[in-house]
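Contents: one structure, followed by commentary.
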Amino acid sequence: MVEKYQNVILTPRTRDSLADSTAEWKALGMGVSEGQMVTYPDQPEQKQKVEPLPGTKDELTAIVRDENTPNEKGILSGRRFLDKDFTLKNFTDSLAAETADGKRKFTVIHLASHFHLGSSWSNSYLFMGNGKLLTLEELSGSPQINFGDVELVTLSACNTALGGYANGREVESLAGAIQAKSGKAVLATLWAVSDRSTPELMSNFYRFRKEKPGTTKAEALQQAQRKMIASATKTAAGFSHPYFWSGFVLIGNWR
């Protein structure tokens, strides 16, 4: 199916934002790679250890060429905030940043971290740096967090498109919250993705989109997934198994 078709999911929140765009992709990359101690909202009496995601640093470095660091080789120009620098203030300030002509500065938001889906928006949260959590309730209620005019929000974390219902409503959770905040295109995950293979898939996705002008998001994702399928050799499977690449789904504007 992936080799033959480009797959996109349209939801009521995204189907009206399907216009073409000529906006340059400038990326805001934020993520967590280090292990940390976290206090969960439903267990405030104790801290618990969260395992590190060592692939996150490689992923963000490969994707984002930080404008404040000369001679980097990332695919997209932008800013990168990792671990202790992945704060709510840096997030909201970056979302509000504008160019000299008043347009949104960052048109691609790439978040690479852990995500926990709970029973409600108050105990479902994205892991930030220094043991901080951003709940879906806080994200939804914050006037500083808005994704209008952002071309793509990539959620390189586990279960970001998975909802808590068994009636076919898989496309919910963090992806749903971002759509509700004017996110017109979201690349999200349906299960716990691999920290080893995800940097390669994500890098290929952005590289295909950048190297071939006019490539749609859907085509770039398909090409990246095809490359993972073709990674098998006579001596090793590589990342060809569907587990490594098929959990990523594109929701909304595929152009």
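All residue names refer to the structure tokens as shown: chains lettered A, B, ... in order, residues numbered from 1 in each chain, ligands numbered from 1 in order.
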Next item on the list: Name all residues at most 12 Å from Thr22 (chain A) (count only C-alpha atoms; drop same-chain ones fewer than 5 positions away) and give them as a PyMOL selection string.
Entry: chain A and resi 107+149-151+213-216+255
Check: Near Glu137 (chain A), within 8 Å and counting only C-alpha atoms, which residues show up once chain neighbours fewer than 2 positions away are dropped, as a list in words?
Finding: Trp121, Ser122, Thr135, Leu139, Ser140 and Gly141 of chain A
Next item on the list: Find the residues near Glu200 (chain A): any atom within 12 Å, counting only C-alpha atoms, skip ones fewer than 5 places away on the same chain, and give them as a list in words.
Entry: Gly55, Thr56, Asp58, Glu59, Leu60, Thr61, Ala62, Ile63, Ser156, Ser194, Asp195, Phe205, Tyr206, Arg207, Leu221, Ala224, Gln225, Lys227, Met228, Ser231, Gly238, Phe239, Ser240, Phe244 and Trp245 of chain A
Keeping only N, CA and C atoms, write the selected residues to a file as a PDB file, in the first residue's frame.
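What follows is the written file part-v7.pdb:
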ATOM      1  N   GLY A  55      18.596   9.036  20.402  1.00  0.00           N
ATOM      2  CA  GLY A  55      18.461   9.340  18.984  1.00  0.00           C
ATOM      3  C   GLY A  55      17.934  10.737  18.709  1.00  0.00           C
ATOM      4  N   THR A  56      17.326  11.371  19.719  1.00  0.00           N
ATOM      5  CA  THR A  56      16.737  12.693  19.511  1.00  0.00           C
ATOM      6  C   THR A  56      17.771  13.738  19.115  1.00  0.00           C
ATOM      7  N   ASP A  58      20.651  13.330  17.547  1.00  0.00           N
ATOM      8  CA  ASP A  58      21.041  13.106  16.157  1.00  0.00           C
ATOM      9  C   ASP A  58      19.936  13.537  15.201  1.00  0.00           C
ATOM     10  N   GLU A  59      18.702  13.251  15.584  1.00  0.00           N
ATOM     11  CA  GLU A  59      17.556  13.596  14.740  1.00  0.00           C
ATOM     12  C   GLU A  59      17.448  15.107  14.534  1.00  0.00           C
ATOM     13  N   LEU A  60      17.477  15.853  15.641  1.00  0.00           N
ATOM     14  CA  LEU A  60      17.321  17.299  15.535  1.00  0.00           C
ATOM     15  C   LEU A  60      18.519  17.956  14.864  1.00  0.00           C
ATOM     16  N   THR A  61      19.718  17.430  15.123  1.00  0.00           N
ATOM     17  CA  THR A  61      20.910  17.990  14.497  1.00  0.00           C
ATOM     18  C   THR A  61      20.907  17.759  12.989  1.00  0.00           C
ATOM     19  N   ALA A  62      20.429  16.590  12.573  1.00  0.00           N
ATOM     20  CA  ALA A  62      20.370  16.276  11.146  1.00  0.00           C
ATOM     21  C   ALA A  62      19.319  17.114  10.427  1.00  0.00           C
ATOM     22  N   ILE A  63      18.233  17.437  11.124  1.00  0.00           N
ATOM     23  CA  ILE A  63      17.122  18.143  10.484  1.00  0.00           C
ATOM     24  C   ILE A  63      17.300  19.652  10.530  1.00  0.00           C
ATOM     25  N   SER A 156       7.420  13.692  16.568  1.00  0.00           N
ATOM     26  CA  SER A 156       8.295  12.526  16.562  1.00  0.00           C
ATOM     27  C   SER A 156       8.381  11.964  17.974  1.00  0.00           C
ATOM     28  N   SER A 194      10.486   3.623  17.139  1.00  0.00           N
ATOM     29  CA  SER A 194      11.857   3.266  17.507  1.00  0.00           C
ATOM     30  C   SER A 194      12.757   4.497  17.549  1.00  0.00           C
ATOM     31  N   ASP A 195      13.523   4.611  18.626  1.00  0.00           N
ATOM     32  CA  ASP A 195      14.468   5.717  18.751  1.00  0.00           C
ATOM     33  C   ASP A 195      15.642   5.543  17.788  1.00  0.00           C
ATOM     34  N   PHE A 205      12.612  12.210   5.064  1.00  0.00           N
ATOM     35  CA  PHE A 205      11.387  12.949   4.742  1.00  0.00           C
ATOM     36  C   PHE A 205      11.697  14.402   4.401  1.00  0.00           C
ATOM     37  N   TYR A 206      12.427  15.085   5.275  1.00  0.00           N
ATOM     38  CA  TYR A 206      12.742  16.493   5.032  1.00  0.00           C
ATOM     39  C   TYR A 206      13.691  16.660   3.837  1.00  0.00           C
ATOM     40  N   ARG A 207      14.604  15.728   3.666  1.00  0.00           N
ATOM     41  CA  ARG A 207      15.559  15.841   2.562  1.00  0.00           C
ATOM     42  C   ARG A 207      14.857  15.695   1.218  1.00  0.00           C
ATOM     43  N   LEU A 221       6.857  11.800   2.396  1.00  0.00           N
ATOM     44  CA  LEU A 221       6.712  10.740   3.394  1.00  0.00           C
ATOM     45  C   LEU A 221       6.735   9.377   2.729  1.00  0.00           C
ATOM     46  N   ALA A 224      10.281   8.530   1.774  1.00  0.00           N
ATOM     47  CA  ALA A 224      11.070   8.181   2.959  1.00  0.00           C
ATOM     48  C   ALA A 224      10.739   6.772   3.442  1.00  0.00           C
ATOM     49  N   GLN A 225       9.461   6.417   3.407  1.00  0.00           N
ATOM     50  CA  GLN A 225       9.058   5.076   3.827  1.00  0.00           C
ATOM     51  C   GLN A 225       9.546   4.024   2.838  1.00  0.00           C
ATOM     52  N   LYS A 227      12.242   4.190   1.123  1.00  0.00           N
ATOM     53  CA  LYS A 227      13.675   4.018   1.357  1.00  0.00           C
ATOM     54  C   LYS A 227      13.917   3.095   2.547  1.00  0.00           C
ATOM     55  N   MET A 228      13.078   3.195   3.570  1.00  0.00           N
ATOM     56  CA  MET A 228      13.216   2.293   4.719  1.00  0.00           C
ATOM     57  C   MET A 228      12.921   0.852   4.293  1.00  0.00           C
ATOM     58  N   SER A 231      15.801  -0.805   2.651  1.00  0.00           N
ATOM     59  CA  SER A 231      17.044  -0.860   3.421  1.00  0.00           C
ATOM     60  C   SER A 231      17.503  -2.278   3.711  1.00  0.00           C
ATOM     61  N   GLY A 238      17.887  -4.303   8.166  1.00  0.00           N
ATOM     62  CA  GLY A 238      17.854  -2.846   8.266  1.00  0.00           C
ATOM     63  C   GLY A 238      16.612  -2.394   9.008  1.00  0.00           C
ATOM     64  N   PHE A 239      15.947  -1.377   8.466  1.00  0.00           N
ATOM     65  CA  PHE A 239      14.709  -0.883   9.068  1.00  0.00           C
ATOM     66  C   PHE A 239      13.530  -1.130   8.131  1.00  0.00           C
ATOM     67  N   SER A 240      13.570  -2.246   7.418  1.00  0.00           N
ATOM     68  CA  SER A 240      12.542  -2.524   6.414  1.00  0.00           C
ATOM     69  C   SER A 240      11.219  -2.985   7.007  1.00  0.00           C
ATOM     70  N   PHE A 244       9.037  -0.018  11.853  1.00  0.00           N
ATOM     71  CA  PHE A 244       9.945   1.121  11.884  1.00  0.00           C
ATOM     72  C   PHE A 244       9.432   2.340  11.112  1.00  0.00           C
ATOM     73  N   TRP A 245       8.485   2.156  10.197  1.00  0.00           N
ATOM     74  CA  TRP A 245       8.105   3.294   9.351  1.00  0.00           C
ATOM     75  C   TRP A 245       6.601   3.500   9.162  1.00  0.00           C
TER      76      TRP A 245
END
Item checked: Residues flagged strand (DSSP E) by DSSP in region 104-141 of chain A, as JSON, numbers by chain -> {"A": [108, 109, 110, 111, 112, 115, 116, 125, 126, 127, 133, 134, 135]}
For C-alpha atoms, I'd like the residues from the last selection saved as a PDB file, in the first residue's frame.
ATOM      1  CA  VAL A 108       7.778  23.791  10.483  1.00  0.00           C
ATOM      2  CA  ILE A 109       7.609  22.679  14.126  1.00  0.00           C
ATOM      3  CA  HIS A 110       9.432  19.423  14.908  1.00  0.00           C
ATOM      4  CA  LEU A 111       8.930  17.974  18.403  1.00  0.00           C
ATOM      5  CA  ALA A 112      10.979  14.906  19.362  1.00  0.00           C
ATOM      6  CA  PHE A 115       4.384  11.582  25.002  1.00  0.00           C
ATOM      7  CA  HIS A 116       1.978   9.983  27.464  1.00  0.00           C
ATOM      8  CA  TYR A 125       1.258  15.246  28.353  1.00  0.00           C
ATOM      9  CA  LEU A 126       4.325  15.964  26.257  1.00  0.00           C
ATOM     10  CA  PHE A 127       7.675  15.686  28.067  1.00  0.00           C
ATOM     11  CA  LEU A 133       5.370  18.392  31.342  1.00  0.00           C
ATOM     12  CA  LEU A 134       3.010  20.154  28.944  1.00  0.00           C
ATOM     13  CA  THR A 135      -0.471  18.696  29.366  1.00  0.00           C
TER      14      THR A 135
END
Margin query: List the spatial neighbours of region 50-54 of chain A as a PyMOL selection string - criterion: any atom at most 7 Å away, only C-alpha atoms, same-chain residues fewer than 4 positions off excluded.
Written below: chain A and resi 32-38+195
Would you mind exporting N, CA and C atoms of the selected residues as a PDB file, in the first residue's frame?
ATOM      1  N   VAL A  32      13.798  16.156  23.693  1.00  0.00           N
ATOM      2  CA  VAL A  32      14.425  15.642  24.918  1.00  0.00           C
ATOM      3  C   VAL A  32      15.224  14.399  24.567  1.00  0.00           C
ATOM      4  N   SER A  33      16.498  14.386  24.947  1.00  0.00           N
ATOM      5  CA  SER A  33      17.331  13.203  24.716  1.00  0.00           C
ATOM      6  C   SER A  33      17.801  12.567  26.019  1.00  0.00           C
ATOM      7  N   GLU A  34      17.886  13.354  27.092  1.00  0.00           N
ATOM      8  CA  GLU A  34      18.414  12.870  28.356  1.00  0.00           C
ATOM      9  C   GLU A  34      17.329  12.223  29.215  1.00  0.00           C
ATOM     10  N   GLY A  35      17.736  11.278  30.047  1.00  0.00           N
ATOM     11  CA  GLY A  35      16.834  10.753  31.052  1.00  0.00           C
ATOM     12  C   GLY A  35      16.573  11.818  32.108  1.00  0.00           C
ATOM     13  N   GLN A  36      15.412  11.769  32.748  1.00  0.00           N
ATOM     14  CA  GLN A  36      15.085  12.782  33.742  1.00  0.00           C
ATOM     15  C   GLN A  36      14.090  12.239  34.758  1.00  0.00           C
ATOM     16  N   MET A  37      13.975  12.956  35.864  1.00  0.00           N
ATOM     17  CA  MET A  37      13.007  12.612  36.899  1.00  0.00           C
ATOM     18  C   MET A  37      11.796  13.505  36.749  1.00  0.00           C
ATOM     19  N   VAL A  38      10.627  12.892  36.756  1.00  0.00           N
ATOM     20  CA  VAL A  38       9.388  13.610  36.452  1.00  0.00           C
ATOM     21  C   VAL A  38       8.342  13.322  37.521  1.00  0.00           C
ATOM     22  N   ASP A 195      13.523   4.611  18.626  1.00  0.00           N
ATOM     23  CA  ASP A 195      14.468   5.717  18.751  1.00  0.00           C
ATOM     24  C   ASP A 195      15.642   5.543  17.788  1.00  0.00           C
TER      25      ASP A 195
END
Note to self: Which residues are near Gly118 (chain A)? Cut-off 10 Å, only C-alpha atoms, ignore same chain within fewer than 4 positions. Put them as number ranges by chain.
What the structure shows: A: 42, 122-125, 135-136, 163-164, 173
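Counting only C-alpha atoms and comparing A:Pro41, A:Arg15, A:Asn68, A:Pro199, the residue that lies closest to Ser119 (chain A) is A:Pro41.
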Item checked: For Lys103 (chain A): contacts at 12 Å, only C-alpha atoms, fewer than 4 positions along chain excluded, given as an MDAnalysis selection string -> chainID A and resid 23:24 26 95:99 107 148:150
Notebook entry, point to check: Using the chain letters and numbers from this document, which residues of region 30-245 of chain A does DSSP assign to alpha helix (DSSP H), as a ChimeraX atom specification?
Noted result: /A:55-63,88-96,136-141,173-180,198-211,217-229
Restricting it to C-alpha atoms, dump the selection as a short mmCIF file (atom, residue, chain, number, x, y, z; two decimals), in the first residue's frame.
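Okay, again07.cif is ready:
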data_model
loop_
_atom_site.label_atom_id
_atom_site.label_comp_id
_atom_site.auth_asym_id
_atom_site.auth_seq_id
_atom_site.Cartn_x
_atom_site.Cartn_y
_atom_site.Cartn_z
CA GLY A 55 18.46 9.34 18.98
CA THR A 56 16.74 12.69 19.51
CA LYS A 57 19.96 14.69 19.44
CA ASP A 58 21.04 13.11 16.16
CA GLU A 59 17.56 13.60 14.74
CA LEU A 60 17.32 17.30 15.53
CA THR A 61 20.91 17.99 14.50
CA ALA A 62 20.37 16.28 11.15
CA ILE A 63 17.12 18.14 10.48
CA LEU A 88 7.59 26.39 27.68
CA LYS A 89 8.98 29.93 27.38
CA ASN A 90 11.29 29.03 24.50
CA PHE A 91 8.40 27.20 22.85
CA THR A 92 5.89 30.04 23.10
CA ASP A 93 8.46 32.73 22.27
CA SER A 94 9.51 30.82 19.16
CA LEU A 95 5.91 30.29 18.06
CA ALA A 96 5.36 34.05 18.34
CA LEU A 136 -2.98 18.72 26.54
CA GLU A 137 -5.21 20.79 28.80
CA GLU A 138 -2.48 23.45 29.12
CA LEU A 139 -1.73 23.35 25.41
CA SER A 140 -5.40 23.72 24.53
CA GLY A 141 -5.99 26.59 26.96
CA SER A 173 -4.51 12.78 21.26
CA LEU A 174 -1.68 15.31 20.80
CA ALA A 175 -2.33 15.48 17.06
CA GLY A 176 -5.98 16.31 17.74
CA ALA A 177 -5.04 19.06 20.19
CA ILE A 178 -2.72 20.65 17.64
CA GLN A 179 -5.39 20.52 14.95
CA ALA A 180 -7.71 22.33 17.35
CA THR A 198 13.07 7.45 13.54
CA PRO A 199 16.01 9.85 12.93
CA GLU A 200 16.63 8.20 9.56
CA LEU A 201 12.98 8.30 8.50
CA MET A 202 12.57 11.92 9.55
CA SER A 203 15.81 13.05 7.88
CA ASN A 204 14.84 11.35 4.63
CA PHE A 205 11.39 12.95 4.74
CA TYR A 206 12.74 16.49 5.03
CA ARG A 207 15.56 15.84 2.56
CA PHE A 208 13.20 14.55 -0.14
CA ARG A 209 10.96 17.59 0.37
CA LYS A 210 13.87 20.04 0.19
CA GLU A 211 15.86 18.52 -2.66
CA LYS A 217 4.43 16.32 2.10
CA ALA A 218 2.58 13.11 1.23
CA GLU A 219 5.03 12.24 -1.55
CA ALA A 220 8.05 13.02 0.64
CA LEU A 221 6.71 10.74 3.39
CA GLN A 222 6.03 7.97 0.89
CA GLN A 223 9.55 8.25 -0.54
CA ALA A 224 11.07 8.18 2.96
CA GLN A 225 9.06 5.08 3.83
CA ARG A 226 10.03 3.42 0.55
CA LYS A 227 13.67 4.02 1.36
CA MET A 228 13.22 2.29 4.72
CA ILE A 229 11.55 -0.68 2.99
#
Margin query: When you count only C-alpha atoms, which of these residues is closest to Asp16 (chain A): A:Ala185, A:Met30, A:Ala100, A:Met128?
Written below: A:Ala185
Next item on the list: Extract, using only C-alpha atoms, all DNA, RNA and protein residues at most 10 Å from Thr69 (chain A), discarding same-chain residues fewer than 3 positions from it, and format them as a ChimeraX atom specification.
Entry: /A:65-66,72,79-80
Can you write just those residues out, N, CA and C atoms, as a compact mmCIF listing (two decimals), in the first residue's frame?
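Final output, out.txt:
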# COMPACT_ATOMS: atom_id res chain seq x y z
N ARG A 65 19.39 23.11 11.00
CA ARG A 65 20.66 23.84 10.93
C ARG A 65 20.47 25.13 11.72
N ASP A 66 20.95 25.12 12.98
CA ASP A 66 20.67 26.23 13.89
C ASP A 66 21.32 27.52 13.39
N GLU A 72 26.87 24.52 10.52
CA GLU A 72 26.11 23.28 10.70
C GLU A 72 25.58 22.79 9.35
N ARG A 79 15.97 27.06 14.34
CA ARG A 79 16.49 27.04 15.70
C ARG A 79 16.23 25.68 16.32
N ARG A 80 17.11 25.31 17.25
CA ARG A 80 17.03 24.00 17.89
C ARG A 80 17.15 24.18 19.40
Checklist line | d(CA of Ala188 (chain A), CA of Leu250 (chain A)) in Å | finding: 6.6 Å
Check: How far is it from CA of Lys184 (chain A) to CA of Val8 (chain A), in Å with one decimal?
Finding: 12.5 Å
